[in-house]
Amino acid sequence: MKRLLHLCAAAAAAIALAACGSGDDTNPGSIRFALTDAPACGFDQVNVTVERIRVHRNADAADSAAGWSELRLQPPRRIDLLRLSNGVLVELGSLPLAASRYTNFRLMLAANGSGTPANSVVVGGTETALTLPADAPTSGIRVATQVSVDENRVADLLLDFDACRSVVPAGTGYQLQSVVTAVPRHGVVISGYVEPQMAGALVSAQKSGLPQRTTVADANGRFVLAWLDPAQSPFDIVVAASGRATAVVAAVPITTTVGAELSRPESPIAPPAATVNVVSGILGPTQARGSAAIRAVQAIGTTTQAEVAFARVDATSGSYAIGLPAAQPRMATFSTRLPLAFSAVGTAGRYTMTASATGFETQLQLLDLASGSVTWSPSLLLP
């Protein structure tokens, strides 16, 4: 116990711990917490203020139950999530814990209060408070994962806060419906370059059309996809930029020790220019809008599919709009010999649109945007 108290006192010099463990082991382990992010859609900043992280062994433990351990950040950390792309992360601290398996994790954000909001979005230089869920002060943001803590060992928990899927427009404001997952903290990456004119392009590692990690190409066109799970290898790497055809590098393998390089500055990925047409509409019913999202998925040849765009539906009006290239996608098969050779595949401008919301049946619609913009207003049904 003296050793445990000593560890807690040392940690408090930088970060205060509200609880130093949920047991009385004399040789505790610890969990090291860090935060990363996939890029947000159309925002200049997405700010959240992390106040505490709560941990419990029991996945069903109530908010007020005994046995919670807590890492309290003093002072709370206000973090712009958009700075955490291309493999960047922010360390939140370590929490000493009794050796055990922990299955209940909560990320607790500070309340907005008065003055500068603790949680906000910035668009065009204008900052708007980000409204938290009603149960956020007591329940926080749940992270579905399990972590085993061993004696005298440090376990890692890297929290991926997906701002793009978490921030919901709501009339003139924004709501937070957080999507936070746990991702492995491996050192291998998938990296490459798009041409500099494509700075800001979204680059994602996908499995069967579902993004696993997403990043944004920087001002030089460089992108880095980090924190991927090698157990899910290989990945399809999808490059989506406004005014360009979608580019896909298929079946990119990684291991726990070996990553992948897709392109270099002298021969960047540069899909051809493409006309952008828009699919837009109003989703119903009203009660589905708060959690509704629209995805645009494109077949890439006969071997795979790729999510080209994603948008949250406005929680107030139900409206959405997504711009999509009307051109054929380009695909290359991965090789260690660069540059990769891309060729046109699939059908130009054809997308499978998916509308979904919590508690409602998912609706799919095949749309052709090759010749112009299209209106699609799905009405979701209860199961």
# chains A, B, ... in the order shown; residues from 1 in each chain; ligands from 1
>>> residues_around(residues="Ser291 of chain A", least_positions_apart="5", cutoff="9 Å", atoms="only C-alpha atoms", output="list in words")
Val168, Gln177, Arg312, Val313, Ala315, Ser356, Ala357 and Thr358 of chain A
>>> residues_around(residues="Lys207 of chain A", least_positions_apart="5", cutoff="10 Å", atoms="only C-alpha atoms", output="mmCIF file with N, CA and C atoms, in the first residue's frame")
data_model
loop_
_atom_site.group_PDB
_atom_site.id
_atom_site.type_symbol
_atom_site.label_atom_id
_atom_site.label_comp_id
_atom_site.auth_asym_id
_atom_site.auth_seq_id
_atom_site.Cartn_x
_atom_site.Cartn_y
_atom_site.Cartn_z
ATOM 1 N N GLN A 212 -11.373 2.247 -41.276
ATOM 2 C CA GLN A 212 -10.794 1.870 -39.991
ATOM 3 C C GLN A 212 -9.987 3.018 -39.396
ATOM 4 N N GLN A 232 -5.976 -7.014 -38.846
ATOM 5 C CA GLN A 232 -6.985 -6.793 -39.885
ATOM 6 C C GLN A 232 -6.378 -6.639 -41.277
ATOM 7 N N SER A 233 -5.062 -6.675 -41.380
ATOM 8 C CA SER A 233 -4.377 -6.522 -42.664
ATOM 9 C C SER A 233 -4.824 -7.622 -43.635
ATOM 10 N N PRO A 234 -4.930 -7.285 -44.955
ATOM 11 C CA PRO A 234 -4.565 -6.036 -45.623
ATOM 12 C C PRO A 234 -5.711 -5.020 -45.630
ATOM 13 N N PHE A 235 -5.365 -3.765 -45.989
ATOM 14 C CA PHE A 235 -6.329 -2.677 -46.051
ATOM 15 C C PHE A 235 -6.394 -2.105 -47.467
ATOM 16 N N ASP A 236 -7.569 -1.606 -47.834
ATOM 17 C CA ASP A 236 -7.705 -0.809 -49.055
ATOM 18 C C ASP A 236 -7.542 0.660 -48.668
ATOM 19 N N ILE A 237 -6.621 1.372 -49.327
ATOM 20 C CA ILE A 237 -6.370 2.777 -49.021
ATOM 21 C C ILE A 237 -7.112 3.632 -50.041
ATOM 22 N N ALA A 251 -5.513 -3.826 -51.174
ATOM 23 C CA ALA A 251 -4.820 -4.907 -50.464
ATOM 24 C C ALA A 251 -3.413 -4.528 -50.016
ATOM 25 N N THR A 304 -13.598 -4.973 -54.785
ATOM 26 C CA THR A 304 -13.772 -4.284 -53.515
ATOM 27 C C THR A 304 -14.749 -3.126 -53.667
ATOM 28 N N GLN A 305 -15.014 -2.450 -52.563
ATOM 29 C CA GLN A 305 -15.836 -1.246 -52.560
ATOM 30 C C GLN A 305 -15.209 -0.253 -51.591
ATOM 31 N N ALA A 306 -15.551 1.017 -51.764
ATOM 32 C CA ALA A 306 -14.932 2.063 -50.958
ATOM 33 C C ALA A 306 -15.970 3.081 -50.537
ATOM 34 N N GLU A 307 -15.906 3.499 -49.272
ATOM 35 C CA GLU A 307 -16.696 4.642 -48.836
ATOM 36 C C GLU A 307 -16.010 5.901 -49.345
#
>>> select_by_dssp(residues="segment 222-304 of chain A", states="helix (DSSP H, G or I)", output="VMD selection string")
chain A and resid 230 to 232 286 to 291
>>> closest_residue(among="A:Ser263, A:Ser94, A:Asn86, A:Asn104", to="Leu338 of chain A", atoms="only C-alpha atoms")
A:Ser263
>>> closest_residue(among="A:Val50, A:Ala219, A:Leu130, A:Leu97", to="Pro169 of chain A", atoms="only C-alpha atoms")
A:Leu130
>>> residues_around(residues="Gln175 of chain A", least_positions_apart="5", cutoff="10 Å", atoms="only C-alpha atoms", output="PyMOL selection string")
chain A and resi 120-121+129-133+166-170+290+314-315
>>> atom_distance(atom1="atom CA of Thr181 of chain A", atom2="atom CA of Val308 of chain A")
21.4 Å
>>> closest_residue(among="A:Ala98, A:Met108, A:Leu157, A:Leu381", to="Thr286 of chain A", atoms="only C-alpha atoms")
A:Leu381
>>> closest_residue(among="A:Gln363, A:Thr336, A:Thr126, A:Gln74", to="Arg264 of chain A", atoms="only C-alpha atoms")
A:Thr336
>>> select_by_dssp(residues="segment 80-254 of chain A", states="strand (DSSP E)", output="VMD selection string")
chain A and resid 80 90 to 97 100 to 102 104 to 109 120 to 123 126 to 131 141 to 143 147 to 149 154 to 161 167 to 170 173 to 176 180 to 183 190 to 193 202 to 207 210 to 216 222 to 225 235 to 240 247 to 252
>>> closest_residue(among="A:Gly243, A:Pro339, A:Pro137, A:Pro96", to="Pro265 of chain A", atoms="only C-alpha atoms")
A:Pro339
>>> atom_distance(atom1="atom CA of Ala344 of chain A", atom2="atom CA of Ala226 of chain A")
27.9 Å
>>> closest_residue(among="A:Ala136, A:Ala240, A:Ala260, A:Val179", to="Ser204 of chain A", atoms="only C-alpha atoms")
A:Ala240
>>> atom_distance(atom1="atom CA of Gly372 of chain A", atom2="atom CA of Ala274 of chain A")
12.4 Å
>>> residues_around(residues="Glu261 of chain A", least_positions_apart="4", cutoff="7 Å", atoms="only C-alpha atoms", output="PyMOL selection string")
chain A and resi 190-192
>>> residues_around(residues="Phe223 of chain A", least_positions_apart="3", cutoff="8 Å", atoms="only C-alpha atoms", output="list of chain:residue names")
A:Asn86, A:Ser191, A:Gly192, A:Tyr193, A:Val194, A:Val203, A:Thr215, A:Val216, A:Ala217, A:Asp218
>>> write_last_selection(atoms="N, CA and C atoms", output="compact mmCIF listing (two decimals), in the first residue's frame")
# COMPACT_ATOMS: atom_id res chain seq x y z
N ASN A 86 -2.59 12.31 -39.03
CA ASN A 86 -1.28 11.88 -39.51
C ASN A 86 -0.41 11.30 -38.39
N SER A 191 2.06 5.11 -45.37
CA SER A 191 2.32 6.51 -45.68
C SER A 191 2.47 6.71 -47.18
N GLY A 192 2.46 7.98 -47.57
CA GLY A 192 2.64 8.31 -48.98
C GLY A 192 2.38 9.77 -49.22
N TYR A 193 2.28 10.12 -50.51
CA TYR A 193 2.05 11.51 -50.92
C TYR A 193 0.98 11.56 -51.99
N VAL A 194 0.12 12.57 -51.90
CA VAL A 194 -0.68 13.00 -53.04
C VAL A 194 -0.02 14.29 -53.54
N VAL A 203 -7.71 10.59 -46.69
CA VAL A 203 -7.09 9.31 -47.01
C VAL A 203 -7.50 8.33 -45.91
N THR A 215 -7.14 10.00 -42.31
CA THR A 215 -6.28 11.15 -42.06
C THR A 215 -6.45 12.16 -43.18
N VAL A 216 -5.72 13.28 -43.08
CA VAL A 216 -5.80 14.35 -44.07
C VAL A 216 -4.40 14.62 -44.61
N ALA A 217 -4.27 14.70 -45.93
CA ALA A 217 -2.99 15.05 -46.54
C ALA A 217 -2.60 16.46 -46.14
N ASP A 218 -1.33 16.66 -45.73
CA ASP A 218 -0.89 17.97 -45.28
C ASP A 218 -0.56 18.89 -46.46
>>> residues_around(residues="Thr362 of chain A", least_positions_apart="3", cutoff="12 Å", atoms="only C-alpha atoms", output="ChimeraX atom specification")
/A:288,292-295,353-359,365,378-383
>>> residues_around(residues="Tyr102 of chain A", least_positions_apart="6", cutoff="8 Å", atoms="only C-alpha atoms", output="PyMOL selection string")
chain A and resi 55-59+146-149
